[in-house]
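**Student:** File name model.cif; file contents mmCIF, C-alpha atoms; full text below.
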```
data_run
#
loop_
_atom_site.group_PDB
_atom_site.id
_atom_site.type_symbol
_atom_site.label_atom_id
_atom_site.label_comp_id
_atom_site.auth_asym_id
_atom_site.auth_seq_id
_atom_site.Cartn_x
_atom_site.Cartn_y
_atom_site.Cartn_z
ATOM 1 C CA MET Z 329 -112.220 -87.437 -174.370
ATOM 2 C CA ARG Z 330 -112.748 -84.888 -171.602
ATOM 3 C CA VAL Z 331 -116.422 -84.115 -170.872
ATOM 4 C CA THR Z 332 -117.934 -81.328 -168.794
ATOM 5 C CA LEU Z 333 -121.292 -82.270 -167.328
ATOM 6 C CA GLU Z 334 -123.348 -79.328 -166.078
ATOM 7 C CA VAL Z 335 -126.256 -79.996 -163.742
ATOM 8 C CA VAL Z 336 -128.573 -77.036 -164.371
ATOM 9 C CA GLY Z 337 -128.906 -75.067 -161.151
ATOM 10 C CA GLY Z 338 -126.087 -77.113 -159.604
ATOM 11 C CA ASP Z 339 -122.489 -78.089 -160.111
ATOM 12 C CA HIS Z 340 -120.191 -78.754 -163.045
ATOM 13 C CA HIS Z 341 -118.346 -82.083 -163.190
ATOM 14 C CA GLU Z 342 -115.415 -83.199 -165.362
ATOM 15 C CA PHE Z 343 -115.062 -86.751 -166.682
ATOM 16 C CA ASP Z 344 -112.566 -88.581 -168.859
ATOM 17 C CA VAL Z 345 -114.612 -90.923 -171.017
ATOM 18 C CA ALA Z 346 -113.791 -93.667 -173.493
ATOM 19 C CA ASP Z 347 -116.921 -95.672 -174.254
ATOM 20 C CA GLU Z 348 -119.243 -94.652 -171.404
ATOM 21 C CA THR Z 349 -122.913 -93.802 -171.941
ATOM 22 C CA TYR Z 350 -124.721 -90.766 -170.601
ATOM 23 C CA ALA Z 351 -126.387 -93.091 -168.060
ATOM 24 C CA ASP Z 352 -122.916 -94.109 -166.815
ATOM 25 C CA LEU Z 353 -122.099 -90.452 -166.103
ATOM 26 C CA LEU Z 354 -125.423 -89.942 -164.346
ATOM 27 C CA GLY Z 355 -124.698 -92.987 -162.182
ATOM 28 C CA GLU Z 356 -121.378 -91.464 -161.119
ATOM 29 C CA LEU Z 357 -123.357 -88.509 -159.754
ATOM 30 C CA GLY Z 358 -126.056 -90.628 -158.114
ATOM 31 C CA LEU Z 359 -128.716 -89.417 -160.570
ATOM 32 C CA SER Z 360 -131.324 -91.679 -162.126
ATOM 33 C CA PRO Z 361 -132.059 -91.384 -165.861
ATOM 34 C CA HIS Z 362 -135.745 -91.381 -164.855
ATOM 35 C CA GLU Z 363 -135.298 -88.105 -162.927
ATOM 36 C CA VAL Z 364 -133.387 -86.026 -165.486
ATOM 37 C CA ALA Z 365 -133.142 -85.083 -169.146
ATOM 38 C CA VAL Z 366 -129.718 -85.155 -170.794
ATOM 39 C CA LEU Z 367 -129.201 -82.306 -173.277
ATOM 40 C CA VAL Z 368 -126.517 -81.858 -175.932
ATOM 41 C CA ASP Z 369 -126.664 -78.592 -177.887
ATOM 42 C CA GLY Z 370 -130.068 -77.963 -176.300
ATOM 43 C CA ARG Z 371 -131.535 -81.229 -177.602
ATOM 44 C CA PRO Z 372 -132.402 -84.296 -175.525
ATOM 45 C CA VAL Z 373 -130.337 -87.426 -176.128
ATOM 46 C CA PRO Z 374 -131.043 -91.024 -175.062
ATOM 47 C CA GLU Z 375 -129.273 -91.922 -171.831
ATOM 48 C CA ASP Z 376 -128.105 -95.254 -173.262
ATOM 49 C CA GLN Z 377 -126.256 -93.532 -176.116
ATOM 50 C CA PRO Z 378 -122.432 -93.395 -175.955
ATOM 51 C CA VAL Z 379 -121.099 -89.994 -174.884
ATOM 52 C CA ALA Z 380 -120.177 -88.060 -178.021
ATOM 53 C CA ALA Z 381 -120.092 -84.430 -176.830
ATOM 54 C CA SER Z 382 -117.609 -82.475 -174.757
ATOM 55 C CA HIS Z 383 -120.315 -80.442 -172.968
ATOM 56 C CA VAL Z 384 -123.480 -82.015 -171.569
ATOM 57 C CA ARG Z 385 -126.287 -80.354 -169.623
ATOM 58 C CA VAL Z 386 -128.482 -82.300 -167.204
ATOM 59 C CA LEU Z 387 -131.900 -80.906 -166.374
ATOM 60 C CA ARG Z 388 -133.711 -82.288 -163.348
ATOM 61 C CA LEU Z 389 -137.352 -83.088 -164.076
ATOM 62 C CA VAL Z 390 -140.014 -81.907 -161.647
ATOM 63 C CA GLN Z 391 -142.655 -84.343 -160.452
ATOM 64 C CA GLY Z 392 -145.606 -83.667 -158.293
ATOM 65 C CA GLY Z 393 -149.237 -84.195 -157.823
#
```
Please rewrite the model in this file as structure tokens.

**Tutor:**
Amino acid sequence: MRVTLEVVGGDHHEFDVADETYADLLGELGLSPHEVAVLVDGRPVPEDQPVAASHVRVLRLVQGG
């Protein structure tokens, strides 16, 4: 399956996936699952779930103190 991963406020990336998880795709981009939220149809999904959507949005989480 062909997947488009959109980093909100950043780039779009294309992946061919078979049985990868969302965390696998994040790793390809050098992103940590602890720093982002993965959204499918506007809803968060667990990063360890197998990729099941053709369009994925990644939202970087803001930390500060």

**Student:** Starting from the shown file, work through the PyMOL selection byres ((chain Z and resi 334) around 9) and note down what comes out as a list in words.

**Tutor:**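 Applied to this file, the PyMOL selection byres ((chain Z and resi 334) around 9) returns Thr332, Leu333, Val335, Val336, Gly337, Gly338, Asp339, His340, His341, Glu342, His383, Val384, Arg385, Val386 and Leu387 of chain Z.
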
**Student:** Kindly indicate which residue among Z:Glu356, Z:Thr349, Z:Arg388, Z:Val331 lies nearest to Pro374 in chain Z, using only C-alpha atoms for the distances.

**Tutor:**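 That would be Z:Thr349, the residue with the smallest distance to Pro374 in chain Z.
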
**Student:** I'd like the residues picked by the PyMOL selection byres ((chain Z and resi 345) around 8) written out as a ChimeraX atom specification, using the chain letters and numbers from the file.

**Tutor:** /Z:329-331,343-344,346-348,379

**Student:** Output, as AutoDock Vina command-line options, the centre and edge lengths in Å (one decimal) of the axis-aligned box that contains all listed atoms of range 344-352 of chain Z with 5 Å of margin on each side.

**Tutor:**
```
--center_x -119.5 --center_y -92.1 --center_z -170.5 --size_x 23.8 --size_y 17.1 --size_z 17.4
```

**Student:** Using the chain letters and numbering of this document, enumerate as a PyMOL selection string the residues selected by the PyMOL selection byres ((chain Z and resi 389) around 9).

**Tutor:** chain Z and resi 362-365+387-388+390-391

**Student:** Between CA of Pro361 in chain Z and CA of Val373 in chain Z, what is the spacing in Å?

**Tutor:**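 CA of Pro361 in chain Z lies at a distance of 11.1 Å from CA of Val373 in chain Z.
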
**Student:** Just how far from CA of Pro372 in chain Z is CA of Tyr350 in chain Z, in Å to one decimal?

**Tutor:** 11.2 Å

**Student:** Rounded to one decimal in Å, what is the spacing between CA of Ala380 in chain Z and CA of Leu354 in chain Z?

**Tutor:** 14.8 Å
